[in-house]
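K.L.:
Pasting final.pdb here (PDB, C-alpha atoms and all ligand atoms):
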ATOM      1  CA  MET A1268      -0.244  36.787   0.333
ATOM      2  CA  LEU A1269       0.094  33.447  -1.371
ATOM      3  CA  ALA A1270       2.736  32.393   1.139
ATOM      4  CA  LEU A1271       0.439  33.324   4.010
ATOM      5  CA  ALA A1272      -2.443  31.423   2.490
ATOM      6  CA  ALA A1273      -0.246  28.355   2.075
ATOM      7  CA  ASN A1274       1.049  28.517   5.646
ATOM      8  CA  ALA A1275      -2.445  28.907   7.062
ATOM      9  CA  HIS A1276      -3.209  25.391   5.844
ATOM     10  CA  ALA A1277       0.169  23.805   6.517
ATOM     11  CA  ALA A1278       0.070  21.196   9.235
ATOM     12  CA  LEU A1279       1.962  18.233  10.598
ATOM     13  CA  ILE A1280       0.136  15.026   9.677
ATOM     14  CA  THR A1281       0.797  12.229  12.129
ATOM     15  CA  ALA A1282      -0.134   9.275   9.911
ATOM     16  CA  VAL A1283       0.288   8.518   6.247
ATOM     17  CA  PRO A1284      -3.056   9.061   4.477
ATOM     18  CA  GLY A1285      -4.784   5.695   4.100
ATOM     19  CA  PRO A1286      -7.702   4.090   2.248
ATOM     20  CA  ASP A1287     -10.259   6.333   3.963
ATOM     21  CA  ASP A1288      -8.538   9.339   2.421
ATOM     22  CA  GLN A1289      -8.100   7.632  -0.941
ATOM     23  CA  GLY A1290     -11.627   6.466  -1.782
ATOM     24  CA  GLY A1291     -11.981   3.331   0.332
ATOM     25  CA  MET A1292     -10.523  -0.135   0.721
ATOM     26  CA  ILE A1293     -10.372  -2.614  -2.157
ATOM     27  CA  MET A1294      -9.667  -6.104  -0.913
ATOM     28  CA  PRO A1295      -9.064  -9.454  -2.542
ATOM     29  CA  MET A1296     -10.420 -12.111  -0.226
ATOM     30  CA  VAL A1297      -8.262 -15.190   0.191
ATOM     31  CA  THR A1298      -9.691 -18.526   1.330
ATOM     32  CA  ILE A1299      -8.415 -22.086   1.417
ATOM     33  CA  THR A1300     -10.543 -25.004   0.268
ATOM     34  CA  SER A1301      -9.467 -28.180   2.032
ATOM     35  CA  THR A1302      -9.318 -31.370  -0.038
ATOM     36  CA  ALA A1303      -7.593 -33.581   2.537
ATOM     37  CA  GLY A1304      -7.276 -33.551   6.287
ATOM     38  CA  THR A1305      -9.787 -31.417   8.137
ATOM     39  CA  GLY A1306     -11.024 -27.879   7.676
ATOM     40  CA  SER A1307      -9.302 -26.846  10.875
ATOM     41  CA  ASN A1308      -6.025 -28.457   9.831
ATOM     42  CA  PRO A1309      -6.009 -29.278   6.119
ATOM     43  CA  THR A1310      -3.216 -31.374   4.610
ATOM     44  CA  ALA A1311      -4.019 -30.493   0.989
ATOM     45  CA  GLY A1312      -6.188 -27.962  -0.765
ATOM     46  CA  THR A1313      -6.531 -24.955  -2.978
ATOM     47  CA  ILE A1314      -6.169 -21.247  -2.393
ATOM     48  CA  ASN A1315      -8.986 -19.153  -3.830
ATOM     49  CA  ILE A1316      -8.978 -15.410  -4.338
ATOM     50  CA  SER A1317     -12.255 -13.575  -4.736
ATOM     51  CA  PHE A1318     -11.609 -10.139  -6.178
ATOM     52  CA  SER A1319     -13.810  -7.718  -8.070
ATOM     53  CA  PRO A1320     -12.342  -4.224  -7.726
ATOM     54  CA  SER A1321     -14.908  -1.472  -8.206
ATOM     55  CA  SER A1322     -12.352   1.109  -9.303
ATOM     56  CA  THR A1323      -8.677   1.515 -10.119
ATOM     57  CA  PRO A1324      -6.615   3.073  -7.335
ATOM     58  CA  ILE A1325      -4.757   6.237  -8.268
ATOM     59  CA  LEU A1326      -1.306   6.948  -6.893
ATOM     60  CA  LYS A1327      -1.074  10.537  -5.699
ATOM     61  CA  SER A1328       1.289  12.692  -3.707
ATOM     62  CA  THR A1329       0.873  13.704  -0.087
ATOM     63  CA  GLN A1330      -0.094  17.193  -1.270
ATOM     64  CA  GLU A1331      -2.925  15.758  -3.330
ATOM     65  CA  TRP A1332      -4.246  13.566  -0.471
ATOM     66  CA  VAL A1333      -3.764  16.169   2.257
ATOM     67  CA  PRO A1334      -3.070  19.640   0.878
ATOM     68  CA  GLY A1335      -0.697  21.517   3.151
ATOM     69  CA  GLY A1336       0.304  18.372   5.025
ATOM     70  CA  TRP A1337       3.829  17.340   5.939
ATOM     71  CA  TYR A1338       5.430  14.661   8.136
ATOM     72  CA  ASP A1339       7.574  14.800  11.232
ATOM     73  CA  GLU A1340      11.256  14.782  10.338
ATOM     74  CA  SER A1341      11.771  11.547  12.294
ATOM     75  CA  ALA A1342       8.963   9.704  10.481
ATOM     76  CA  ALA A1343      10.332   6.689   8.618
ATOM     77  CA  TRP A1344       8.262   7.546   5.517
ATOM     78  CA  ARG A1345       9.125  11.236   5.470
ATOM     79  CA  ALA A1346      12.058  10.943   3.046
ATOM     80  CA  ASP A1347       9.949   9.071   0.482
ATOM     81  CA  LEU A1348       6.536  10.679   0.865
ATOM     82  CA  GLY A1349       7.231  14.163   2.188
ATOM     83  CA  SER A1350       6.775  16.973  -0.306
ATOM     84  CA  ALA A1351       9.659  19.073  -1.493
ATOM     85  CA  GLU A1352      10.584  22.043   0.672
ATOM     86  CA  GLY A1353       8.023  24.820   0.403
ATOM     87  CA  ILE A1354       5.341  22.719  -1.295
ATOM     88  CA  GLY A1355       2.217  23.133   0.813
ATOM     89  CA  GLY A1356       4.336  24.962   3.374
ATOM     90  CA  THR A1357       6.604  21.960   3.973
ATOM     91  CA  PRO A1358       9.618  23.051   6.067
ATOM     92  CA  VAL A1359      13.048  21.940   4.824
ATOM     93  CA  ALA A1360      13.502  19.474   7.716
ATOM     94  CA  ASN A1361      10.225  17.782   6.821
ATOM     95  CA  ALA A1362      10.743  17.628   3.082
ATOM     96  CA  GLY A1363      11.024  14.449   1.054
ATOM     97  CA  SER A1364      11.017  13.216  -2.493
ATOM     98  CA  GLY A1365       7.252  13.558  -2.938
ATOM     99  CA  ASP A1366       6.491   9.998  -4.020
ATOM    100  CA  LEU A1367       3.014   9.179  -5.282
ATOM    101  CA  PHE A1368       1.299   6.488  -3.221
ATOM    102  CA  ASN A1369      -1.799   4.418  -2.603
ATOM    103  CA  ASN A1370      -2.776   1.624  -0.207
ATOM    104  CA  GLN A1371      -6.429   0.997  -1.032
ATOM    105  CA  TYR A1372      -5.622  -2.625  -1.818
ATOM    106  CA  GLY A1373      -5.509  -4.897   1.220
ATOM    107  CA  PHE A1374      -4.914  -8.626   1.328
ATOM    108  CA  MET A1375      -7.594 -10.314   3.408
ATOM    109  CA  PHE A1376      -7.969 -13.916   4.595
ATOM    110  CA  MET A1377     -11.145 -15.586   5.827
ATOM    111  CA  SER A1378     -11.392 -18.960   7.501
ATOM    112  CA  MET A1379     -14.086 -20.766   9.458
ATOM    113  CA  GLY A1380     -12.377 -24.072  10.006
ATOM    114  CA  SER A1381     -14.704 -25.680   7.465
ATOM    115  CA  MET A1382     -13.605 -27.564   4.348
ATOM    116  CA  MET A1383     -14.653 -24.628   2.123
ATOM    117  CA  MET A1384     -13.033 -22.011   4.359
ATOM    118  CA  ALA A1385     -10.221 -23.969   5.888
ATOM    119  CA  ASN A1386      -7.620 -22.748   8.333
ATOM    120  CA  VAL A1387      -3.967 -22.346   7.456
ATOM    121  CA  PRO A1388      -2.331 -25.740   8.129
ATOM    122  CA  THR A1389      -0.662 -26.014  11.508
ATOM    123  CA  GLY A1390       3.001 -24.988  11.341
ATOM    124  CA  ASN A1391       2.512 -23.372   7.934
ATOM    125  CA  SER A1392       1.648 -19.815   6.955
ATOM    126  CA  LEU A1393       0.266 -17.852   4.069
ATOM    127  CA  ALA A1394       2.821 -16.223   1.827
ATOM    128  CA  ILE A1395       2.699 -13.620  -0.936
ATOM    129  CA  ARG A1396       5.241 -13.502  -3.760
ATOM    130  CA  LEU A1397       5.671 -10.760  -6.338
ATOM    131  CA  ASP A1398       5.187 -12.556  -9.644
ATOM    132  CA  SER A1399       5.488  -9.658 -12.069
ATOM    133  CA  ILE A1400       5.454  -5.881 -12.042
ATOM    134  CA  SER A1401       4.920  -3.374 -14.812
ATOM    135  CA  SER A1402       7.645  -0.984 -13.685
ATOM    136  CA  ALA A1403      10.612  -1.406 -11.367
ATOM    137  CA  SER A1404       9.852   2.045 -10.001
ATOM    138  CA  LEU A1405       6.557   0.784  -8.552
ATOM    139  CA  GLN A1406       7.671  -0.063  -5.020
ATOM    140  CA  SER A1407       5.832  -1.531  -2.055
ATOM    141  CA  PHE A1408       6.142  -0.840   1.668
ATOM    142  CA  ASN A1409       4.965  -2.308   4.944
ATOM    143  CA  TYR A1410       3.803   0.614   7.063
ATOM    144  CA  GLY A1411       3.456   0.738  10.829
ATOM    145  CA  ASN A1412       2.589   4.101  12.276
ATOM    146  CA  ALA A1413       3.150   3.384  15.993
ATOM    147  CA  ALA A1414       6.310   1.411  15.215
ATOM    148  CA  ASN A1415       7.545   4.186  12.882
ATOM    149  CA  ARG A1416       7.943   1.466  10.305
ATOM    150  CA  TRP A1417       8.235   2.012   6.533
ATOM    151  CA  ASP A1418       9.997  -1.045   5.157
ATOM    152  CA  GLN A1419      10.281  -1.898   1.508
ATOM    153  CA  VAL A1420       8.842  -5.305   0.643
ATOM    154  CA  PHE A1421       8.721  -7.159  -2.703
ATOM    155  CA  ASP A1422      11.873  -5.314  -3.781
ATOM    156  CA  ALA A1423      12.229  -7.506  -6.870
ATOM    157  CA  VAL A1424      10.243 -10.092  -8.800
ATOM    158  CA  ASP A1425      10.102 -13.333  -6.780
ATOM    159  CA  SER A1426      10.592 -11.490  -3.513
ATOM    160  CA  GLN A1427       8.026 -12.640  -0.974
ATOM    161  CA  VAL A1428       6.624 -12.149   2.508
ATOM    162  CA  LEU A1429       4.975 -14.457   4.997
ATOM    163  CA  TRP A1430       1.574 -13.098   5.917
ATOM    164  CA  ASN A1431      -0.336 -13.723   9.142
ATOM    165  CA  GLY A1432      -3.705 -13.403   7.390
ATOM    166  CA  SER A1433      -4.736 -10.128   9.006
ATOM    167  CA  MET A1434      -5.988  -7.480   6.610
ATOM    168  CA  TRP A1435      -2.760  -6.036   5.224
ATOM    169  CA  HIS A1436      -2.783  -2.803   3.243
ATOM    170  CA  ASN A1437       0.768  -2.520   1.982
ATOM    171  CA  TYR A1438       1.590   0.787   0.305
ATOM    172  CA  PHE A1439       2.599   1.183  -3.307
ATOM    173  CA  THR A1440       4.704   4.141  -4.404
ATOM    174  CA  LEU A1441       6.029   5.718  -7.570
ATOM    175  CA  PRO A1442       8.475   8.579  -7.971
ATOM    176  CA  ASP A1443       6.870  12.021  -8.122
ATOM    177  CA  ASP A1444       7.735  12.287 -11.827
ATOM    178  CA  ALA A1445       6.276   8.894 -12.803
ATOM    179  CA  PRO A1446       4.612   9.125 -16.210
ATOM    180  CA  ALA A1447       0.821   9.180 -16.206
ATOM    181  CA  GLY A1448      -0.712   5.871 -17.224
ATOM    182  CA  SER A1449      -1.406   2.383 -15.996
ATOM    183  CA  TYR A1450       0.728   0.307 -13.641
ATOM    184  CA  SER A1451       0.231  -3.189 -12.306
ATOM    185  CA  ALA A1452       1.671  -5.847 -10.036
ATOM    186  CA  THR A1453       0.732  -9.518  -9.933
ATOM    187  CA  PHE A1454       1.133 -11.579  -6.786
ATOM    188  CA  GLU A1455       1.016 -15.281  -6.043
ATOM    189  CA  VAL A1456      -0.570 -16.253  -2.738
ATOM    190  CA  PHE A1457       0.566 -19.649  -1.510
ATOM    191  CA  VAL A1458       0.899 -21.808   1.577
ATOM    192  CA  ALA A1459       4.465 -21.814   2.895
ATOM    193  CA  ASN A1460       6.037 -24.677   4.843
ATOM    194  CA  THR A1461       7.149 -22.208   7.493
ATOM    195  CA  GLY A1462       5.162 -20.840  10.411
ATOM    196  CA  PHE A1463       4.681 -17.093  10.813
ATOM    197  CA  SER A1464       7.054 -15.605  13.385
ATOM    198  CA  GLY A1465       7.188 -11.984  12.269
ATOM    199  CA  SER A1466       7.484  -8.996  14.571
ATOM    200  CA  THR A1467       7.044  -6.347  11.886
ATOM    201  CA  GLY A1468       3.253  -6.344  11.772
ATOM    202  CA  PHE A1469       1.129  -8.522   9.525
ATOM    203  CA  ALA A1470       3.962  -9.313   7.122
ATOM    204  CA  GLN A1471       7.284 -11.019   7.794
ATOM    205  CA  TYR A1472      10.199 -10.331   5.483
ATOM    206  CA  ASP A1473      13.267 -11.518   7.324
ATOM    207  CA  GLU A1474      15.597 -14.193   5.907
ATOM    208  CA  ALA A1475      13.280 -17.021   7.028
ATOM    209  CA  ALA A1476      10.388 -15.410   5.163
ATOM    210  CA  LEU A1477      12.356 -14.575   2.041
ATOM    211  CA  THR A1478      13.584 -18.163   1.708
ATOM    212  CA  ALA A1479      10.411 -19.968   2.806
ATOM    213  CA  SER A1480       9.317 -22.683   0.406
ATOM    214  CA  LYS A1481       5.914 -23.640  -0.867
ATOM    215  CA  ASN A1482       3.805 -26.400   0.600
ATOM    216  CA  THR A1483       3.096 -28.062  -2.733
ATOM    217  CA  ASN A1484       0.063 -29.911  -1.370
ATOM    218  CA  PHE A1485      -1.748 -26.615  -1.735
ATOM    219  CA  GLU A1486      -2.489 -25.024  -5.080
ATOM    220  CA  SER A1487      -1.656 -21.326  -5.127
ATOM    221  CA  ALA A1488      -3.644 -18.452  -6.625
ATOM    222  CA  PHE A1489      -2.759 -15.189  -8.355
ATOM    223  CA  VAL A1490      -4.101 -11.670  -8.086
ATOM    224  CA  THR A1491      -3.285  -8.574 -10.123
ATOM    225  CA  TYR A1492      -3.382  -5.086  -8.699
ATOM    226  CA  ASN A1493      -3.939  -2.323 -11.250
ATOM    227  CA  PHE A1494      -3.087   1.298 -10.591
ATOM    228  CA  SER A1495      -3.163   4.519 -12.482
ATOM    229  CA  VAL A1496      -1.347   7.803 -12.387
ATOM    230  CA  ILE A1497      -3.222  10.779 -13.731
ATOM    231  CA  PRO A1498      -1.466  13.869 -15.065
ATOM    232  CA  GLU A1499      -0.869  16.261 -12.208
ATOM    233  CA  PRO A1500      -2.072  19.814 -12.726
ATOM    234  CA  SER A1501       1.038  21.888 -13.289
ATOM    235  CA  SER A1502       2.100  24.203 -10.479
ATOM    236  CA  GLY A1503       1.280  27.107 -12.783
ATOM    237  CA  ILE A1504      -2.332  26.011 -12.932
ATOM    238  CA  LEU A1505      -2.381  25.499  -9.142
ATOM    239  CA  LEU A1506      -0.927  28.972  -8.648
ATOM    240  CA  GLY A1507      -3.556  30.407 -10.957
ATOM    241  CA  ALA A1508      -6.317  28.581  -9.081
ATOM    242  CA  GLY A1509      -4.929  29.883  -5.785
ATOM    243  CA  ILE A1510      -4.956  33.468  -6.984
ATOM    244  CA  ALA A1511      -8.471  33.046  -8.373
ATOM    245  CA  SER A1512      -9.761  31.639  -5.074
ATOM    246  CA  LEU A1513      -8.115  34.486  -3.130
ATOM    247  CA  LEU A1514      -9.742  37.033  -5.450
ATOM    248  CA  ILE A1515     -13.116  35.298  -5.060
ATOM    249  CA  ARG A1516     -12.758  35.168  -1.280
ATOM    250  CA  ARG A1517     -11.841  38.848  -1.203
ATOM    251  CA  ARG A1518     -14.828  39.730  -3.336
ATOM    252  CA  HIS A1519     -17.112  37.817  -0.935
ATOM    253  CA  ARG A1520     -15.807  39.936   1.936
TER     254      ARG A1520
HETATM  255 CU    CU B1601      -9.092  -3.449   4.358
END
Translate the structure of the given file into structure tokens.
P.N.:
Amino acid sequence: MLALAANAHAALITAVPGPDDQGGMIMPMVTITSTAGTGSNPTAGTINISFSPSSTPILKSTQEWVPGGWYDESAAWRADLGSAEGIGGTPVANAGSGDLFNNQYGFMFMSMGSMMMANVPTGNSLAIRLDSISSASLQSFNYGNAANRWDQVFDAVDSQVLWNGSMWHNYFTLPDDAPAGSYSATFEVFVANTGFSGSTGFAQYDEAALTASKNTNFESAFVTYNFSVIPEPSSGILLGAGIASLLIRRRHR
């Protein structure tokens, strides 16, 4: 009976659950204040980050975001995010390591071509560098659903991407057995001497991006992302809850 109940809800999910499923977007807003040149093409200035998160994102498993959901076996993220075989009715071909994840945070850039909200200098681009991270097991990915893209970014401290300024919600993951508690990652946003030429979405992480250097005429800014992992209810409790709900449903009939 339990197996039937689980299968009744099992379904292929065609996109990784995003901020709408997780409680909404939380976005640091990046601007450039121009101190030399023009607002439309500054030659010196300062990066500002306005950020006042209303809550702390929680990393959770696919089963917690979308109970009974599993990914196509050819999905690039399936191996990381797919649940173990049988969990939520996940078939063996669609199973994965059940990582916890969240992408509520999204880097956002605003410009108006004015001195206070200057453009990115011509021939330059914005860049984001991982400055510090609380745990090496906290990983980050650039996701592209249509492109079947799930590429690790910021794979070590000092790793960086060039960013085209579009709202970019990179994913953060932890192993399914990550201890409950707080996690964090701090990033430096800076102006790079290199233009954006990426073809992997809003972030570029090829050799040119990884080795791009800072335009030191622009002061950089830092932002810290905080996350939490809450203790997962044990499968025994879930099983108990399932039986209880079946009994209640039966009684209602
Ligand atoms: Cu957003």
K.L.:
Run the PyMOL selection byres (((chain A and resi 1286) around 12) and not hetatm) on the file and write out the hits as number ranges by chain.
P.N.:
A: 1282-1285, 1287-1294, 1324-1326, 1332, 1368-1373, 1435-1438
K.L.:
I'd like to know which of A:Pro1295, A:Gly1448, A:Thr1302, A:Leu1405 is closest to A:Pro1320, using all atoms listed in the file.
P.N.:
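Ranked by minimum distance to A:Pro1320, first place goes to A:Pro1295.
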K.L.:
Provide the atom CA of A:Gly1304 to atom CA of A:Met1383 distance in Å, to one decimal place.
P.N.:
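Separation of atom CA of A:Gly1304 and atom CA of A:Met1383: 12.3 Å.
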K.L.:
Counting only C-alpha atoms, which residues of stretch 1408-1476 of chain A fall within 6 Å of stretch 1356-1367 of chain A, and what is the closest atom pair for each with its distance in Å at one decimal, ordered by chain and rising number, as CSV?
P.N.:
residue,atom,partner,partner_atom,distance
A:Thr1440,CA,A:Leu1367,CA,5.4
A:Leu1441,CA,A:Leu1367,CA,5.1
A:Pro1442,CA,A:Asp1366,CA,4.6
A:Asp1443,CA,A:Asp1366,CA,4.6
K.L.:
Figure out the distance between atom CA of A:Asn1493 and atom CA of A:Thr1329, please, to one decimal in Å.
P.N.:
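Atom-to-atom, atom CA of A:Thr1329 and atom CA of A:Asn1493 are spaced 20.1 Å apart.
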K.L.:
Starting from the displayed file, determine the output of the PyMOL selection byres (((chain A and resi 1336) around 12) and not hetatm) and express the residue list as JSON, numbers by chain.
P.N.:
{"A": [1273, 1274, 1275, 1276, 1277, 1278, 1279, 1280, 1281, 1282, 1283, 1284, 1328, 1329, 1330, 1331, 1332, 1333, 1334, 1335, 1337, 1338, 1339, 1345, 1348, 1349, 1350, 1351, 1352, 1353, 1354, 1355, 1356, 1357, 1358, 1361, 1362, 1365]}
K.L.:
Given 3 Å on each side, where is the centre and what are the edge lengths in Å to one decimal of the axis-aligned box enclosing the listed atoms of stretch 1436-1447 of chain A, as JSON?
P.N.:
{"center_x": 2.8, "center_y": 4.7, "center_z": -6.5, "size_x": 17.3, "size_y": 21.1, "size_z": 25.5}
K.L.:
Let me know the residues the PyMOL selection byres (((chain A and resi 1459) around 12) and not hetatm) catches in the file above, as a PyMOL selection string.
P.N.:
chain A and resi 1314+1387-1396+1427-1431+1455-1458+1460-1463+1475-1487
K.L.:
Excluding A:Val1424 and its own-chain neighbours fewer than 6 positions away, which residues fall within 10 Å of it when counting all atoms listed in the file? Please give them as a PyMOL selection string.
P.N.:
chain A and resi 1396-1400+1403+1452-1454
